[in-house]
>>> print(open('entry_10.txt').read())   # compact mmCIF, C-alpha atoms
# COMPACT_ATOMS: atom_id res chain seq x y z
CA MET A 688 -30.93 -93.40 -31.48
CA LYS A 689 -29.96 -93.68 -35.18
CA LEU A 690 -30.68 -90.00 -35.73
CA HIS A 691 -28.55 -89.16 -32.70
CA SER A 692 -25.64 -91.22 -34.08
CA MET A 693 -26.04 -89.69 -37.52
CA LEU A 694 -25.87 -86.17 -36.08
CA PHE A 695 -22.63 -86.91 -34.30
CA GLY A 696 -21.20 -88.56 -37.40
CA LEU A 697 -21.96 -85.47 -39.44
CA ILE A 698 -20.59 -83.14 -36.76
CA ALA A 699 -17.37 -85.17 -36.55
CA LEU A 700 -16.99 -84.72 -40.32
CA GLY A 701 -17.59 -81.00 -39.98
CA LEU A 702 -20.79 -81.16 -42.00
CA THR A 703 -23.97 -79.28 -41.22
CA PRO A 704 -26.58 -81.65 -39.79
CA PHE A 705 -29.29 -79.03 -39.55
CA ALA A 706 -31.30 -80.26 -42.49
CA VAL A 707 -32.48 -83.13 -40.27
CA ALA A 708 -36.05 -82.07 -39.58
CA GLN A 709 -37.10 -80.95 -36.12
CA GLN A 710 -33.92 -82.13 -34.41
CA PRO A 711 -32.27 -79.60 -32.09
CA ILE A 712 -28.58 -78.89 -32.48
CA VAL A 713 -26.87 -80.67 -29.59
CA ILE A 714 -23.91 -79.04 -27.87
CA LYS A 715 -22.13 -81.30 -25.42
CA PHE A 716 -20.38 -79.03 -22.91
CA SER A 717 -17.90 -81.00 -20.80
CA HIS A 718 -15.93 -79.73 -17.80
CA VAL A 719 -13.98 -81.16 -14.86
CA VAL A 720 -15.25 -79.22 -11.81
CA ALA A 721 -18.36 -79.33 -9.63
CA THR A 722 -21.66 -77.72 -10.68
CA GLU A 723 -21.47 -75.43 -7.60
CA THR A 724 -18.22 -73.77 -8.72
CA PRO A 725 -18.17 -70.51 -10.73
CA LYS A 726 -17.44 -72.44 -13.93
CA GLY A 727 -20.12 -75.01 -13.16
CA LYS A 728 -22.74 -72.32 -12.54
CA ALA A 729 -21.71 -70.36 -15.63
CA ALA A 730 -22.01 -73.49 -17.79
CA GLU A 731 -25.56 -74.01 -16.52
CA PHE A 732 -26.32 -70.33 -17.15
CA PHE A 733 -25.06 -70.69 -20.73
CA LYS A 734 -27.25 -73.75 -21.25
CA LYS A 735 -30.31 -71.81 -20.11
CA ARG A 736 -29.62 -68.70 -22.20
CA ALA A 737 -28.51 -70.61 -25.31
CA GLU A 738 -31.72 -72.64 -25.32
CA GLU A 739 -33.83 -69.53 -24.66
CA LEU A 740 -32.19 -67.27 -27.22
CA THR A 741 -32.27 -69.91 -29.97
CA GLY A 742 -35.90 -70.71 -29.24
CA GLY A 743 -35.09 -74.35 -28.62
CA LYS A 744 -33.07 -74.82 -31.81
CA VAL A 745 -30.09 -75.67 -29.63
CA LYS A 746 -29.94 -78.15 -26.78
CA VAL A 747 -26.93 -77.84 -24.45
CA GLU A 748 -25.97 -80.92 -22.46
CA VAL A 749 -23.61 -80.04 -19.58
CA TYR A 750 -21.37 -82.78 -18.16
CA PRO A 751 -19.57 -81.62 -14.97
CA ASN A 752 -17.03 -83.30 -12.66
CA SER A 753 -15.09 -85.16 -15.38
CA GLN A 754 -18.18 -87.29 -16.15
CA LEU A 755 -17.12 -87.62 -19.78
CA TYR A 756 -13.41 -86.78 -19.87
CA LYS A 757 -10.58 -86.01 -17.47
CA ASP A 758 -8.19 -83.08 -17.82
CA LYS A 759 -5.85 -84.67 -20.34
CA GLU A 760 -8.57 -86.26 -22.48
CA GLU A 761 -11.02 -83.45 -23.03
CA MET A 762 -9.02 -81.36 -25.52
CA GLU A 763 -8.54 -84.31 -27.87
CA ALA A 764 -12.24 -85.14 -27.56
CA LEU A 765 -13.10 -81.59 -28.65
CA GLN A 766 -10.76 -81.69 -31.63
CA LEU A 767 -12.25 -85.02 -32.71
CA GLY A 768 -15.79 -83.66 -32.36
CA ALA A 769 -16.83 -86.04 -29.56
CA VAL A 770 -17.82 -82.92 -27.58
CA GLN A 771 -18.51 -79.48 -28.96
CA MET A 772 -17.66 -77.15 -26.08
CA LEU A 773 -15.16 -77.04 -23.20
CA ALA A 774 -13.94 -74.49 -20.69
CA PRO A 775 -10.44 -75.76 -19.84
CA SER A 776 -8.19 -73.93 -17.42
CA LEU A 777 -5.68 -71.76 -19.24
CA ALA A 778 -2.79 -74.04 -18.30
CA LYS A 779 -4.16 -76.69 -20.66
CA PHE A 780 -3.22 -74.85 -23.85
CA GLY A 781 0.57 -75.05 -23.48
CA PRO A 782 0.66 -78.79 -24.28
CA LEU A 783 -1.53 -78.04 -27.31
CA GLY A 784 1.29 -75.86 -28.65
CA VAL A 785 -0.27 -72.48 -27.86
CA LYS A 786 2.19 -71.41 -25.21
CA GLU A 787 0.94 -67.82 -25.09
CA PHE A 788 -1.82 -69.00 -22.74
CA GLU A 789 0.82 -69.87 -20.16
CA VAL A 790 1.28 -66.16 -19.50
CA PHE A 791 -1.77 -66.47 -17.20
CA ASP A 792 0.14 -68.97 -15.05
CA LEU A 793 2.93 -66.53 -14.27
CA PRO A 794 2.95 -65.80 -10.52
CA PHE A 795 1.88 -62.32 -9.43
CA ILE A 796 1.49 -61.00 -13.00
CA PHE A 797 -1.98 -59.67 -12.11
CA ASP A 798 -2.50 -57.68 -8.95
CA GLY A 799 -6.23 -58.26 -8.76
CA TYR A 800 -9.25 -58.46 -11.06
CA ALA A 801 -8.93 -54.92 -12.45
CA ASP A 802 -5.48 -55.69 -13.90
CA LEU A 803 -6.63 -59.09 -15.12
CA HIS A 804 -9.67 -57.77 -17.00
CA LYS A 805 -7.58 -55.17 -18.83
CA VAL A 806 -6.02 -58.20 -20.53
CA THR A 807 -8.86 -60.75 -20.81
CA LYS A 808 -11.41 -58.18 -22.03
CA GLY A 809 -9.02 -56.28 -24.27
CA PRO A 810 -7.03 -56.75 -27.48
CA ILE A 811 -4.29 -58.80 -25.79
CA GLY A 812 -6.81 -61.43 -24.71
CA ALA A 813 -8.51 -61.46 -28.12
CA GLY A 814 -5.15 -61.99 -29.79
CA ILE A 815 -4.35 -64.95 -27.55
CA LEU A 816 -7.72 -66.62 -28.28
CA LYS A 817 -7.14 -66.15 -32.02
CA LYS A 818 -4.05 -68.39 -31.77
CA LEU A 819 -6.39 -71.39 -31.35
CA ASP A 820 -7.83 -71.18 -34.88
CA SER A 821 -4.97 -73.21 -36.38
CA LYS A 822 -5.70 -76.03 -33.92
CA GLY A 823 -9.27 -76.50 -35.14
CA ILE A 824 -10.59 -74.61 -32.12
CA ILE A 825 -12.35 -71.28 -31.71
CA GLY A 826 -11.91 -69.36 -28.48
CA LEU A 827 -15.13 -67.62 -27.46
CA ALA A 828 -14.36 -66.03 -24.10
CA PHE A 829 -12.31 -65.99 -20.91
CA TRP A 830 -14.09 -66.94 -17.68
CA ASP A 831 -12.69 -66.14 -14.25
CA ASN A 832 -12.37 -68.54 -11.40
CA GLY A 833 -10.15 -66.64 -9.02
CA PHE A 834 -6.80 -66.14 -7.40
CA LYS A 835 -5.02 -69.04 -5.75
CA SER A 836 -3.99 -69.86 -2.20
CA PHE A 837 -1.41 -72.37 -1.03
CA SER A 838 -2.43 -75.22 1.26
CA ALA A 839 -0.44 -77.80 3.23
CA ASN A 840 -0.52 -79.68 6.53
CA THR A 841 1.99 -77.33 8.14
CA PRO A 842 1.77 -73.53 8.62
CA ILE A 843 2.61 -71.32 5.62
CA ARG A 844 4.08 -67.91 6.43
CA THR A 845 7.12 -67.66 4.16
CA PRO A 846 8.29 -69.30 0.92
CA ALA A 847 10.68 -71.42 3.00
CA ASP A 848 7.67 -73.08 4.66
CA LEU A 849 6.94 -74.83 1.37
CA LYS A 850 10.49 -76.00 0.72
CA ALA A 851 10.68 -79.71 -0.20
CA LYS A 852 6.88 -80.02 -0.04
CA LYS A 853 5.26 -82.06 -2.80
CA LEU A 854 2.63 -79.71 -4.24
CA ARG A 855 0.00 -80.79 -6.77
CA ILE A 856 -0.20 -78.67 -9.91
CA GLN A 857 -1.86 -78.77 -13.30
CA SER A 858 0.33 -79.77 -16.22
CA SER A 859 2.19 -76.52 -16.88
CA LYS A 860 5.88 -75.79 -17.35
CA VAL A 861 5.29 -72.34 -15.85
CA LEU A 862 3.68 -73.78 -12.71
CA GLU A 863 6.53 -76.29 -12.40
CA GLU A 864 9.01 -73.41 -12.45
CA GLN A 865 6.86 -71.43 -10.03
CA MET A 866 6.96 -74.26 -7.49
CA ARG A 867 10.70 -74.73 -7.92
CA SER A 868 11.20 -71.01 -7.26
CA ILE A 869 10.01 -71.55 -3.67
CA GLY A 870 11.87 -74.83 -3.28
CA ALA A 871 8.75 -77.01 -3.56
CA LEU A 872 8.47 -80.23 -5.58
CA PRO A 873 5.82 -79.90 -8.31
CA GLN A 874 3.58 -82.93 -8.81
CA VAL A 875 1.51 -82.91 -12.00
CA MET A 876 -1.85 -84.55 -11.39
CA ALA A 877 -5.40 -84.51 -12.75
CA PHE A 878 -7.77 -82.30 -10.76
CA SER A 879 -10.09 -85.27 -10.13
CA GLU A 880 -7.26 -87.14 -8.38
CA ALA A 881 -6.08 -84.31 -6.11
CA TYR A 882 -8.36 -84.98 -3.12
CA GLN A 883 -7.28 -88.60 -2.72
CA ALA A 884 -3.62 -87.68 -3.20
CA LEU A 885 -3.89 -85.08 -0.41
CA GLN A 886 -5.83 -87.49 1.80
CA THR A 887 -3.30 -90.31 1.44
CA GLY A 888 -0.21 -88.10 1.62
CA VAL A 889 0.91 -88.78 -1.94
CA VAL A 890 1.23 -84.98 -2.11
CA ASP A 891 1.73 -82.58 0.80
CA GLY A 892 -0.30 -79.67 -0.49
CA THR A 893 -1.60 -77.77 -3.48
CA GLU A 894 -2.69 -74.38 -4.84
CA ASN A 895 -6.29 -73.57 -5.66
CA PRO A 896 -8.87 -70.83 -5.76
CA HIS A 897 -11.09 -71.21 -2.70
CA SER A 898 -14.14 -72.42 -4.62
CA ASN A 899 -12.26 -75.39 -6.07
CA MET A 900 -10.74 -76.26 -2.72
CA TYR A 901 -14.08 -76.05 -0.91
CA THR A 902 -16.33 -77.82 -3.42
CA GLN A 903 -13.83 -80.67 -3.80
CA LYS A 904 -13.55 -80.86 0.02
CA MET A 905 -9.75 -80.50 -0.10
CA HIS A 906 -9.96 -78.35 3.02
CA GLU A 907 -11.00 -81.49 4.91
CA VAL A 908 -7.59 -83.06 4.22
CA GLN A 909 -5.41 -79.93 4.56
CA LYS A 910 -4.65 -78.34 7.92
CA HIS A 911 -3.32 -74.96 6.76
CA MET A 912 -3.96 -72.46 3.99
CA ALA A 913 -2.31 -69.14 3.19
CA VAL A 914 -4.30 -66.58 1.17
CA THR A 915 -1.39 -65.51 -1.02
CA ASP A 916 -3.32 -64.65 -4.23
CA HIS A 917 -0.08 -65.55 -5.97
CA GLY A 918 -1.57 -66.85 -9.19
CA TYR A 919 -4.69 -66.73 -11.28
CA LEU A 920 -6.90 -69.58 -12.41
CA GLY A 921 -9.21 -68.89 -15.30
CA TYR A 922 -10.75 -70.67 -18.24
CA ALA A 923 -11.12 -70.22 -21.96
CA VAL A 924 -14.49 -71.27 -23.35
CA ILE A 925 -13.76 -73.04 -26.62
CA VAL A 926 -15.67 -74.82 -29.37
CA ASN A 927 -14.86 -77.23 -32.17
CA LYS A 928 -14.15 -74.97 -35.17
CA LYS A 929 -15.82 -77.16 -37.82
CA PHE A 930 -18.93 -77.43 -35.69
CA TRP A 931 -19.06 -73.68 -34.98
CA ASP A 932 -18.37 -72.65 -38.58
CA GLY A 933 -21.09 -75.05 -39.74
CA LEU A 934 -23.82 -73.44 -37.65
CA PRO A 935 -26.47 -71.29 -39.36
CA ALA A 936 -25.46 -67.63 -39.03
CA ASP A 937 -28.53 -66.70 -36.98
CA VAL A 938 -27.92 -69.53 -34.48
CA ARG A 939 -24.24 -68.63 -34.16
CA GLY A 940 -25.21 -65.03 -33.44
CA GLN A 941 -27.68 -66.13 -30.77
CA LEU A 942 -25.05 -68.37 -29.17
CA ASP A 943 -22.55 -65.48 -29.23
CA ALA A 944 -25.10 -63.37 -27.36
CA ALA A 945 -25.65 -66.19 -24.84
CA MET A 946 -21.89 -66.49 -24.35
CA LYS A 947 -21.51 -62.74 -23.79
CA GLU A 948 -24.18 -62.83 -21.07
CA SER A 949 -22.65 -65.98 -19.56
CA THR A 950 -19.21 -64.38 -19.41
CA GLU A 951 -20.55 -61.37 -17.52
CA TYR A 952 -22.33 -63.75 -15.16
CA ALA A 953 -19.26 -65.99 -14.73
CA ASN A 954 -16.97 -63.10 -13.86
CA GLN A 955 -19.54 -61.48 -11.57
CA ILE A 956 -19.99 -64.57 -9.43
CA ALA A 957 -16.36 -65.74 -9.41
CA LYS A 958 -15.20 -63.42 -6.65
CA GLU A 959 -18.43 -63.85 -4.70
CA GLU A 960 -18.19 -67.65 -4.85
CA ASN A 961 -14.55 -67.64 -3.81
CA ASP A 962 -15.26 -65.30 -0.91
CA ASN A 963 -18.13 -67.53 0.22
CA SER A 964 -15.97 -70.63 -0.10
CA LEU A 965 -13.19 -69.02 1.95
CA GLU A 966 -15.73 -68.33 4.68
CA GLY A 967 -16.92 -71.93 4.42
CA ILE A 968 -13.36 -73.19 4.82
CA ARG A 969 -12.88 -70.96 7.87
CA LYS A 970 -16.14 -72.11 9.46
CA SER A 971 -15.36 -75.78 8.89
CA GLY A 972 -12.60 -75.59 11.48
CA LYS A 973 -10.63 -78.20 9.55
CA THR A 974 -8.21 -75.80 7.88
CA GLN A 975 -6.54 -72.87 9.59
CA VAL A 976 -6.71 -69.90 7.22
CA TYR A 977 -3.87 -67.38 7.34
CA VAL A 978 -3.80 -64.04 5.53
CA PRO A 979 -0.18 -62.93 5.00
CA THR A 980 0.84 -59.40 5.90
CA ALA A 981 1.88 -57.05 3.09
CA ASP A 982 5.55 -57.76 3.87
CA GLU A 983 4.99 -61.53 3.92
CA ARG A 984 3.23 -61.41 0.55
CA LEU A 985 6.03 -59.25 -0.85
CA ALA A 986 8.52 -61.94 0.22
CA PHE A 987 6.62 -64.49 -1.89
CA LYS A 988 6.47 -62.01 -4.76
CA ARG A 989 10.20 -61.31 -4.75
CA VAL A 990 11.02 -65.02 -4.88
CA MET A 991 8.44 -65.93 -7.53
CA VAL A 992 8.40 -63.03 -10.02
CA PRO A 993 11.82 -64.01 -11.49
CA VAL A 994 9.91 -66.90 -13.08
CA HIS A 995 8.62 -64.32 -15.60
CA LYS A 996 12.13 -63.80 -16.95
CA LYS A 997 12.84 -67.54 -17.06
CA MET A 998 9.71 -68.15 -19.11
CA GLU A 999 10.30 -65.40 -21.70
CA GLY A 1000 11.72 -67.84 -24.21
CA ARG A 1001 8.69 -70.08 -23.86
CA ILE A 1002 5.82 -67.58 -23.67
CA GLY A 1003 7.33 -64.65 -25.55
CA ARG A 1004 8.92 -61.54 -24.09
CA GLU A 1005 6.77 -59.30 -26.28
CA LEU A 1006 3.56 -60.67 -24.76
CA ILE A 1007 4.83 -60.42 -21.19
CA ASP A 1008 5.99 -56.83 -21.81
CA ALA A 1009 2.60 -55.96 -23.35
CA ILE A 1010 0.86 -57.13 -20.17
CA TYR A 1011 3.33 -55.20 -18.00
CA LYS A 1012 2.49 -52.07 -20.03
CA GLU A 1013 -1.26 -52.69 -19.87
CA THR A 1014 -1.25 -53.20 -16.08
CA ALA A 1015 1.62 -50.80 -15.20
CA PHE A 1016 3.59 -53.61 -13.54
CA ASP A 1017 7.30 -53.01 -13.06
CA PRO A 1018 9.19 -56.04 -11.68
CA SER A 1019 12.35 -53.95 -11.16
CA LYS A 1020 10.59 -52.06 -8.35
CA LEU A 1021 10.03 -55.12 -6.13
>>> encode(input="entry_10.txt", output="structure tokens")
Amino acid sequence: MKLHSMLFGLIALGLTPFAVAQQPIVIKFSHVVATETPKGKAAEFFKKRAEELTGGKVKVEVYPNSQLYKDKEEMEALQLGAVQMLAPSLAKFGPLGVKEFEVFDLPFIFDGYADLHKVTKGPIGAGILKKLDSKGIIGLAFWDNGFKSFSANTPIRTPADLKAKKLRIQSSKVLEEQMRSIGALPQVMAFSEAYQALQTGVVDGTENPHSNMYTQKMHEVQKHMAVTDHGYLGYAVIVNKKFWDGLPADVRGQLDAAMKESTEYANQIAKEENDNSLEGIRKSGKTQVYVPTADERLAFKRVMVPVHKKMEGRIGRELIDAIYKETAFDPSKL
């Protein structure tokens, strides 16, 4: 127990604790969703590959479902060295002062995974991750979850159907503006509290990728869902910079390799898991699933895309324009 405490003391100070004989390097990997979600499965995959590739030099302890920290607490815990690795949703980086990440919250900025991966796997994504260095954090990779659907207890066919509805969102100025664009009332709330808020009527609805909605059983307390694919939810896998820089070079290289494999795995299963979850929601009979027509989705798009312009001052026009160029998106043609 003393050795364990000493390791964490050294890690918190940014020192290298690897001279301690025969003790594996412990990486506490904390996240807020269920093990069965794409992120949950990818975290377990990383644990397996990290331990294999390092030959047991590293031990990864995964803590899902907010077991250690809730949404608002986990980033501070990482910076303090209480945990070494997180995979927060991209909306979490705005409050940290890295507002470039909020570009991923812009509604309809990606028209599917092909557009998205041009950014997350290319130089634009790498440049965004690099912005974390000054915060004592290193960004290792982007992991997909999926595209979001709206849910409520009344049918959703047009933006007007969500007017005056209290909709749960993550803490994000962009998501607040997105909800206001359709006349809804944004309610910032921790992910772990969303189910009870929907169940008790504290909020009327929410937006989620299907895997989050299904694994958290939100579909059991929502009567309607519209598959709008209006926004993207993804994660950035991040580590404490002092801890990462203090690793032996060979171990860091092995962990980089494990992360590369885990990212491919995470992105491969994200769509599959969300498709399976959507089918599960349909089969449950508790939520009526509606797929908007092309014209109905365009109506949402026309109302929500002006949020991009409103957020230029916050996110940066240059970054938004770079993504438009990369994905050949032209908002003037809506």
>>> closest_residue(input="entry_10.txt", among="A:Asn927, A:Gln754, A:Thr950, A:Thr902", to="Leu773 of chain A", atoms="all atoms listed in the file")
A:Asn927
>>> residues_around(input="entry_10.txt", residues="Pro896 of chain A", least_positions_apart="2", cutoff="10 Å", atoms="all atoms listed in the file", output="list in words")
Asn832, Gly833, Phe834, Lys835, Ser836, Phe837, Glu894, Ser898, Asn899, Met900, Tyr901, Val914, Asp916, Gly918, Tyr919, Leu920, Gly921, Ala957, Lys958, Glu960, Asn961, Asp962, Ser964 and Leu965 of chain A
>>> closest_residue(input="entry_10.txt", among="A:Glu864, A:Glu1005, A:Asp891, A:Glu880", to="Ser838 of chain A", atoms="only C-alpha atoms")
A:Asp891
>>> atom_distance(input="entry_10.txt", atom1="atom CA of Pro751 of chain A", atom2="atom CA of Ala729 of chain A")
11.5 Å
>>> closest_residue(input="entry_10.txt", among="A:Gly972, A:Pro842, A:Gly940, A:Pro1018", to="Val994 of chain A", atoms="all atoms listed in the file")
A:Pro1018
>>> closest_atom_pairs(input="entry_10.txt", of="segment 919-983 of chain A", to="segment 737-743 of chain A", cutoff="7 Å", atoms="all atoms listed in the file", output="CSV")
residue,atom,partner,partner_atom,distance
A:Val938,CA,A:Thr741,CA,6.3
A:Gln941,CA,A:Leu740,CA,5.9
A:Leu942,CA,A:Ala737,CA,5.6
A:Ala945,CA,A:Ala737,CA,5.3
>>> axis_aligned_box(input="entry_10.txt", around="segment 894-911 of chain A", padding_each_side="5 Å", output="AutoDock Vina command-line options")
--center_x -9.5 --center_y -76.9 --center_z 0.9 --size_x 23.6 --size_y 22.2 --size_z 24.0
>>> atom_distance(input="entry_10.txt", atom1="atom CA of Ala986 of chain A", atom2="atom CA of Met912 of chain A")
16.8 Å
>>> atom_distance(input="entry_10.txt", atom1="atom CA of Lys853 of chain A", atom2="atom CA of Ala981 of chain A")
25.9 Å
>>> closest_residue(input="entry_10.txt", among="A:Ala881, A:Ile825, A:Ala730, A:Ala801", to="Asp758 of chain A", atoms="only C-alpha atoms")
A:Ala881
>>> residues_around(input="entry_10.txt", residues="Thr980 of chain A", least_positions_apart="2", cutoff="12 Å", atoms="only C-alpha atoms", output="ChimeraX atom specification")
/A:844-845,913-915,977-978,982-987
>>> closest_residue(input="entry_10.txt", among="A:Lys808, A:Lys735, A:Lys928, A:Lys822", to="Asn954 of chain A", atoms="all atoms listed in the file")
A:Lys808
>>> closest_residue(input="entry_10.txt", among="A:Val890, A:Ile824, A:Leu1006, A:Ala851", to="Gln766 of chain A", atoms="all atoms listed in the file")
A:Ile824
>>> decode(input="entry_10.txt", residues="segment 811-869 of chain A", atoms="C-alpha atoms", output="compact mmCIF listing (two decimals), in the first residue's frame")
# COMPACT_ATOMS: atom_id res chain seq x y z
CA ILE A 811 -6.48 19.94 -38.72
CA GLY A 812 -7.18 17.39 -35.99
CA ALA A 813 -3.50 17.12 -35.05
CA GLY A 814 -3.30 20.90 -34.73
CA ILE A 815 -6.31 20.99 -32.41
CA LEU A 816 -4.84 18.28 -30.14
CA LYS A 817 -1.55 20.20 -29.97
CA LYS A 818 -3.40 23.12 -28.32
CA LEU A 819 -3.66 21.02 -25.13
CA ASP A 820 0.11 21.01 -24.44
CA SER A 821 -0.03 24.36 -22.63
CA LYS A 822 -2.65 22.95 -20.25
CA GLY A 823 -0.40 20.16 -19.01
CA ILE A 824 -2.22 17.66 -21.22
CA ILE A 825 -1.18 15.64 -24.25
CA GLY A 826 -3.82 14.68 -26.81
CA LEU A 827 -3.19 11.21 -28.19
CA ALA A 828 -6.14 10.52 -30.49
CA PHE A 829 -9.74 11.21 -31.45
CA TRP A 830 -12.26 8.40 -30.88
CA ASP A 831 -15.68 8.34 -32.52
CA ASN A 832 -18.93 7.72 -30.79
CA GLY A 833 -21.42 8.74 -33.41
CA PHE A 834 -23.96 11.18 -34.73
CA LYS A 835 -26.76 12.40 -32.50
CA SER A 836 -30.53 12.06 -32.55
CA PHE A 837 -33.09 14.17 -30.73
CA SER A 838 -35.48 12.57 -28.24
CA ALA A 839 -38.57 13.85 -26.43
CA ASN A 840 -41.97 12.66 -25.22
CA THR A 841 -43.76 14.20 -28.19
CA PRO A 842 -43.23 13.54 -31.93
CA ILE A 843 -40.29 15.29 -33.64
CA ARG A 844 -40.75 16.09 -37.32
CA THR A 845 -39.71 19.74 -37.60
CA PRO A 846 -37.58 22.17 -35.57
CA ALA A 847 -40.80 23.74 -34.27
CA ASP A 848 -41.63 20.45 -32.52
CA LEU A 849 -38.80 21.14 -30.08
CA LYS A 850 -39.75 24.75 -29.37
CA ALA A 851 -39.84 25.54 -25.63
CA LYS A 852 -38.72 21.99 -24.77
CA LYS A 853 -36.12 21.69 -22.02
CA LEU A 854 -33.34 19.65 -23.62
CA ARG A 855 -30.37 18.26 -21.68
CA ILE A 856 -26.96 19.12 -23.11
CA GLN A 857 -23.32 18.88 -22.12
CA SER A 858 -21.69 22.07 -20.93
CA SER A 859 -20.99 23.80 -24.24
CA LYS A 860 -21.70 27.34 -25.43
CA VAL A 861 -22.04 25.97 -28.96
CA LEU A 862 -24.65 23.40 -27.92
CA GLU A 863 -26.53 26.09 -25.98
CA GLU A 864 -26.69 28.20 -29.14
CA GLN A 865 -27.65 25.15 -31.19
CA MET A 866 -30.66 24.49 -28.95
CA ARG A 867 -31.70 28.13 -28.99
CA SER A 868 -31.60 28.08 -32.80
CA ILE A 869 -34.55 25.66 -32.77
